[in-house]
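Undergrad: Pasting a structure here, questions to come.
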Amino acid sequence: MAIQRTLCIIKPDAVRARNQGAILQQILDAGFNVLAMRQEQLSREKAEGFYAVHKERPFFGELVEFMISGPVVLAALEADDAVPRYRELIGATDPAKAAEGTVRKKYGTDIGNNAVHGSDSEENGKIETQYFFASELSS
Ligand code: ADP
Ligand code: MG
């Protein structure tokens with residue numbers, strides 16, 4: 001096991017539904033440590049930069065509009081094997097396909113409005129936590 005970092009974003013749908021507290025509690029109960037956290041209204045530039053890897057995908061415009069539709073909660077998480085363990089905790093991208101008890105199953109609505117983000121690799125966990133918390137975290 002190795003200590004990893006992963007970026008959690010509680011997306012605008014979940015913040016609007018006032019589920020940020022319940023989601024954070026589920027994350028804490030699963031043993032993740034919160035290294036840094038804040039609520040933020042993302043600018044279009046910040047959201048487009050974050051999802052730049054998806055810019056050729058057909059849903060990119062919709063994704064950016066959604067991510068700037070209201071405030072998000074950003075949290076840099078750390079734990080042993082944080083990246084795969086957090087992906088398991090949140091469940092599949094499409095809430096309809098996510099396992100019972102996962103965050104996306106409980107709080108997501110559809111494949112776009114899926115309540116949370118999680119980094120998909122150890123490398124991206126480092127890049128994404130630095131993208132939002134460069135001044136708070138040492139790399
Ligand atoms: P994940 O967030 O599970 O890593 P992806 O990286 O593939 O999933 O996609 C990033 C985000 O883009 C998803 O969390 C979801 O909000 C949105 N998204 C993915 N696929 C679609 C789709 N087919 N239609 C609309 N939005 C999508
Ligand atoms: Mg992804």
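Residues in the structure tokens are named by chain (A, B, ... in the order shown) and by number from 1 within that chain; ligands are numbered from 1 in the order shown.
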Would you return as a PyMOL selection string the members of stretch 6-133 of chain A that DSSP assigns to helix (DSSP H, G or I) on this structure's backbone?

TA: chain A and resi 12-16+20-29+44-50+52-54+60-67+82-90+95-97+103-107+122-133

Undergrad: Do you know which residues are within 10 Å of ligand 2 using only C-alpha atoms and all ligand atoms? Can you write them as a PDB file with N, CA, C and O atoms, in the first residue's frame?

TA:
ATOM      1  N   TYR A  51     -11.007  20.105 -17.100  1.00  0.00           N
ATOM      2  CA  TYR A  51     -11.520  19.019 -17.944  1.00  0.00           C
ATOM      3  C   TYR A  51     -10.926  19.040 -19.357  1.00  0.00           C
ATOM      4  O   TYR A  51     -11.504  18.442 -20.271  1.00  0.00           O
ATOM      5  N   VAL A  53      -8.761  17.429 -20.812  1.00  0.00           N
ATOM      6  CA  VAL A  53      -8.599  16.095 -21.413  1.00  0.00           C
ATOM      7  C   VAL A  53      -9.858  15.649 -22.161  1.00  0.00           C
ATOM      8  O   VAL A  53      -9.805  14.811 -23.065  1.00  0.00           O
ATOM      9  N   HIS A  54     -11.008  16.217 -21.806  1.00  0.00           N
ATOM     10  CA  HIS A  54     -12.282  15.832 -22.424  1.00  0.00           C
ATOM     11  C   HIS A  54     -12.741  16.822 -23.502  1.00  0.00           C
ATOM     12  O   HIS A  54     -13.887  16.759 -23.952  1.00  0.00           O
ATOM     13  N   ARG A  87     -12.437   5.804  -5.896  1.00  0.00           N
ATOM     14  CA  ARG A  87     -13.257   5.468  -7.073  1.00  0.00           C
ATOM     15  C   ARG A  87     -14.292   4.401  -6.696  1.00  0.00           C
ATOM     16  O   ARG A  87     -15.430   4.418  -7.164  1.00  0.00           O
ATOM     17  N   THR A  93     -19.417   6.004 -13.238  1.00  0.00           N
ATOM     18  CA  THR A  93     -19.743   7.350 -13.743  1.00  0.00           C
ATOM     19  C   THR A  93     -21.252   7.558 -13.856  1.00  0.00           C
ATOM     20  O   THR A  93     -21.770   8.619 -13.501  1.00  0.00           O
ATOM     21  N   HIS A 117     -16.731  14.123  -8.345  1.00  0.00           N
ATOM     22  CA  HIS A 117     -15.583  13.790  -9.182  1.00  0.00           C
ATOM     23  C   HIS A 117     -14.573  13.014  -8.350  1.00  0.00           C
ATOM     24  O   HIS A 117     -14.446  13.247  -7.153  1.00  0.00           O
ATOM     25  N   GLY A 118     -13.803  12.142  -9.002  1.00  0.00           N
ATOM     26  CA  GLY A 118     -12.643  11.501  -8.370  1.00  0.00           C
ATOM     27  C   GLY A 118     -11.540  11.311  -9.377  1.00  0.00           C
ATOM     28  O   GLY A 118     -11.800  10.991 -10.547  1.00  0.00           O
ATOM     29  N   SER A 119     -10.309  11.524  -8.959  1.00  0.00           N
ATOM     30  CA  SER A 119      -9.165  11.332  -9.856  1.00  0.00           C
ATOM     31  C   SER A 119      -9.097   9.882 -10.314  1.00  0.00           C
ATOM     32  O   SER A 119      -9.502   8.967  -9.609  1.00  0.00           O
ATOM     33  N   ASP A 120      -8.568   9.679 -11.543  1.00  0.00           N
ATOM     34  CA  ASP A 120      -8.590   8.328 -12.121  1.00  0.00           C
ATOM     35  C   ASP A 120      -7.245   7.612 -12.106  1.00  0.00           C
ATOM     36  O   ASP A 120      -7.155   6.472 -12.577  1.00  0.00           O
ATOM     37  N   SER A 121      -6.183   8.251 -11.614  1.00  0.00           N
ATOM     38  CA  SER A 121      -4.875   7.587 -11.521  1.00  0.00           C
ATOM     39  C   SER A 121      -4.062   8.281 -10.438  1.00  0.00           C
ATOM     40  O   SER A 121      -4.374   9.419 -10.047  1.00  0.00           O
ATOM     41  N   ASN A 124      -2.755  11.544 -11.828  1.00  0.00           N
ATOM     42  CA  ASN A 124      -3.783  12.590 -11.907  1.00  0.00           C
ATOM     43  C   ASN A 124      -4.240  13.057 -10.517  1.00  0.00           C
ATOM     44  O   ASN A 124      -4.641  14.208 -10.356  1.00  0.00           O
TER      45      ASN A 124
END

Undergrad: As an NGL selection string, please: the residues near A:Lys105 (cut-off 7 Å, only C-alpha atoms, same-chain neighbours under 5 positions excluded).

TA: :A and (95-96 or 98-100)

Undergrad: Using only all heavy atoms, please write the residues we just selected to a file, as an mmCIF file, in the first residue's frame.

TA:
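Below is the file that was written, out-v1.cif:
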data_model
loop_
_atom_site.group_PDB
_atom_site.id
_atom_site.type_symbol
_atom_site.label_atom_id
_atom_site.label_comp_id
_atom_site.auth_asym_id
_atom_site.auth_seq_id
_atom_site.Cartn_x
_atom_site.Cartn_y
_atom_site.Cartn_z
ATOM 1 N N PRO A 95 -24.737 6.951 -12.509
ATOM 2 C CA PRO A 95 -25.343 6.516 -11.236
ATOM 3 C C PRO A 95 -26.239 5.285 -11.381
ATOM 4 O O PRO A 95 -26.331 4.473 -10.456
ATOM 5 C CB PRO A 95 -26.154 7.737 -10.798
ATOM 6 C CG PRO A 95 -25.452 8.888 -11.421
ATOM 7 C CD PRO A 95 -24.950 8.390 -12.745
ATOM 8 N N ALA A 96 -26.856 5.134 -12.546
ATOM 9 C CA ALA A 96 -27.730 3.970 -12.761
ATOM 10 C C ALA A 96 -26.931 2.672 -12.763
ATOM 11 O O ALA A 96 -27.475 1.599 -12.493
ATOM 12 C CB ALA A 96 -28.481 4.123 -14.081
ATOM 13 N N ALA A 98 -23.980 2.432 -10.995
ATOM 14 C CA ALA A 98 -23.132 2.430 -9.793
ATOM 15 C C ALA A 98 -23.671 1.421 -8.774
ATOM 16 O O ALA A 98 -24.879 1.197 -8.675
ATOM 17 C CB ALA A 98 -23.098 3.827 -9.183
ATOM 18 N N ALA A 99 -22.738 0.821 -8.020
ATOM 19 C CA ALA A 99 -23.116 -0.192 -7.032
ATOM 20 C C ALA A 99 -23.930 0.430 -5.901
ATOM 21 O O ALA A 99 -23.778 1.615 -5.580
ATOM 22 C CB ALA A 99 -21.861 -0.859 -6.485
ATOM 23 N N GLU A 100 -24.766 -0.382 -5.313
ATOM 24 C CA GLU A 100 -25.589 0.020 -4.166
ATOM 25 C C GLU A 100 -24.701 0.604 -3.059
ATOM 26 O O GLU A 100 -23.645 0.035 -2.767
ATOM 27 C CB GLU A 100 -26.322 -1.231 -3.656
ATOM 28 C CG GLU A 100 -27.711 -0.993 -3.138
ATOM 29 C CD GLU A 100 -28.620 -0.241 -4.087
ATOM 30 O OE1 GLU A 100 -28.795 -0.670 -5.250
ATOM 31 O OE2 GLU A 100 -29.143 0.789 -3.638
#

Undergrad: I need the residue nearest A:Ala17 from this list: A:Gly31, A:Pro71, A:Pro84, A:Gly125. Use only C-alpha atoms for the distance.

TA: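 Comparing A:Gly31, A:Pro71, A:Pro84, A:Gly125 against A:Ala17, the winner is A:Pro71.
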
Undergrad: If the limit is 9 Å from any atom of ligand 1, counting only C-alpha atoms and all ligand atoms, which residues qualify? Return them as a count of residues only.

TA: 30

Undergrad: Just give me the gap between atom CA of A:Glu128 and atom CA of A:Leu77 in Å, one decimal is fine.

TA: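 Value for the atom CA of A:Glu128-atom CA of A:Leu77 distance: 10.9 Å.
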
Undergrad: Would you please work out which residue, of A:Val83, A:Val73, A:Ala22, A:Ala14, is nearest to A:Met1 when using only C-alpha atoms?

TA: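 Between A:Val83, A:Val73, A:Ala22, A:Ala14, the residue approaching A:Met1 most closely is A:Val83.
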
Undergrad: Using only C-alpha atoms, which residues sit within 7 Å of A:Val72 once same-chain residues fewer than 5 positions away are excluded, as a list in words?

TA: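 These residues fall inside the cut-off: Ile9, Ile10, Lys11, Pro12, Val15, Gln39, Glu40 and Gln41 of chain A.
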
Undergrad: Could you save those same residues with N, CA, C and O atoms as a short mmCIF file (atom, residue, chain, number, x, y, z; two decimals), in the first residue's frame?

TA:
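So result36.cif came out as:
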data_model
loop_
_atom_site.label_atom_id
_atom_site.label_comp_id
_atom_site.auth_asym_id
_atom_site.auth_seq_id
_atom_site.Cartn_x
_atom_site.Cartn_y
_atom_site.Cartn_z
N ILE A 9 -14.39 16.42 -5.94
CA ILE A 9 -15.23 17.60 -6.17
C ILE A 9 -16.66 17.18 -5.91
O ILE A 9 -17.16 16.23 -6.53
N ILE A 10 -17.30 17.85 -4.97
CA ILE A 10 -18.74 17.68 -4.79
C ILE A 10 -19.38 18.67 -5.76
O ILE A 10 -19.21 19.88 -5.65
N LYS A 11 -20.04 18.12 -6.78
CA LYS A 11 -20.48 18.90 -7.94
C LYS A 11 -21.72 19.76 -7.61
O LYS A 11 -22.40 19.53 -6.60
N PRO A 12 -22.03 20.71 -8.50
CA PRO A 12 -23.13 21.65 -8.21
C PRO A 12 -24.47 20.98 -7.92
O PRO A 12 -25.25 21.50 -7.11
N VAL A 15 -24.34 19.94 -4.24
CA VAL A 15 -24.34 21.11 -3.35
C VAL A 15 -25.74 21.73 -3.31
O VAL A 15 -26.27 22.04 -2.24
N GLN A 39 -15.24 25.63 -0.52
CA GLN A 39 -16.33 25.80 -1.49
C GLN A 39 -15.92 26.90 -2.46
O GLN A 39 -15.34 27.91 -2.06
N GLU A 40 -16.23 26.70 -3.75
CA GLU A 40 -15.81 27.67 -4.77
C GLU A 40 -16.80 27.68 -5.92
O GLU A 40 -17.30 26.63 -6.32
N GLN A 41 -17.06 28.85 -6.45
CA GLN A 41 -17.76 28.98 -7.73
C GLN A 41 -16.69 28.95 -8.82
O GLN A 41 -15.89 29.87 -8.92
#

Undergrad: Would you give me, as a PyMOL selection string, the residues in chain A that DSSP reads as strand (DSSP E)?

TA: chain A and resi 3-10+33-40+72-80+116-118

Undergrad: Quick one: of A:Arg104, A:Lys97, A:Arg38, A:Lys126, who's nearest to A:Thr6, counting only C-alpha atoms?

TA: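 Looking only at the distances to A:Thr6, the closest residue turns out to be A:Lys126.
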
Undergrad: When distances are computed from only C-alpha atoms, which of A:Arg16, A:Leu74, A:Phe50, A:Ile23 shows the smallest separation from A:Phe133?

TA: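 For A:Phe133, the nearest of the candidates is A:Leu74.
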
Undergrad: For the atom pair atom CA of A:Ala47 and atom CA of A:Ile127, what is the interatomic distance in Å to one decimal place?

TA: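 If I compute the distance from atom CA of A:Ala47 to atom CA of A:Ile127, I get 14.5 Å.
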
Undergrad: What's the 9 Å shell around stretch 24-28 of chain A, counting only C-alpha atoms, without same-chain residues fewer than 5 positions away, as an MDAnalysis selection string?

TA: chainID A and resid 10 19 33:34 77 86 89 103

Undergrad: Rank nothing, just name the residue among A:Arg18, A:Arg85, A:Arg44, A:Arg5 nearest to A:Tyr107, using only C-alpha atoms.

TA: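 The closest residue to A:Tyr107 is A:Arg18.
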
Undergrad: Rank A:Gly49, A:Thr129, A:Ala30, A:Gly21 by their smallest atom-to-atom distance to A:Thr102, using only C-alpha atoms, and report the top residue only.

TA: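 Using only C-alpha atoms, A:Thr102 sits closest to A:Ala30.
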
Undergrad: How far is it from atom CA of A:Asp80 to atom CA of A:Ser138, in Å with one decimal?

TA: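 Atom-to-atom, atom CA of A:Asp80 to atom CA of A:Ser138, that is 17.9 Å.
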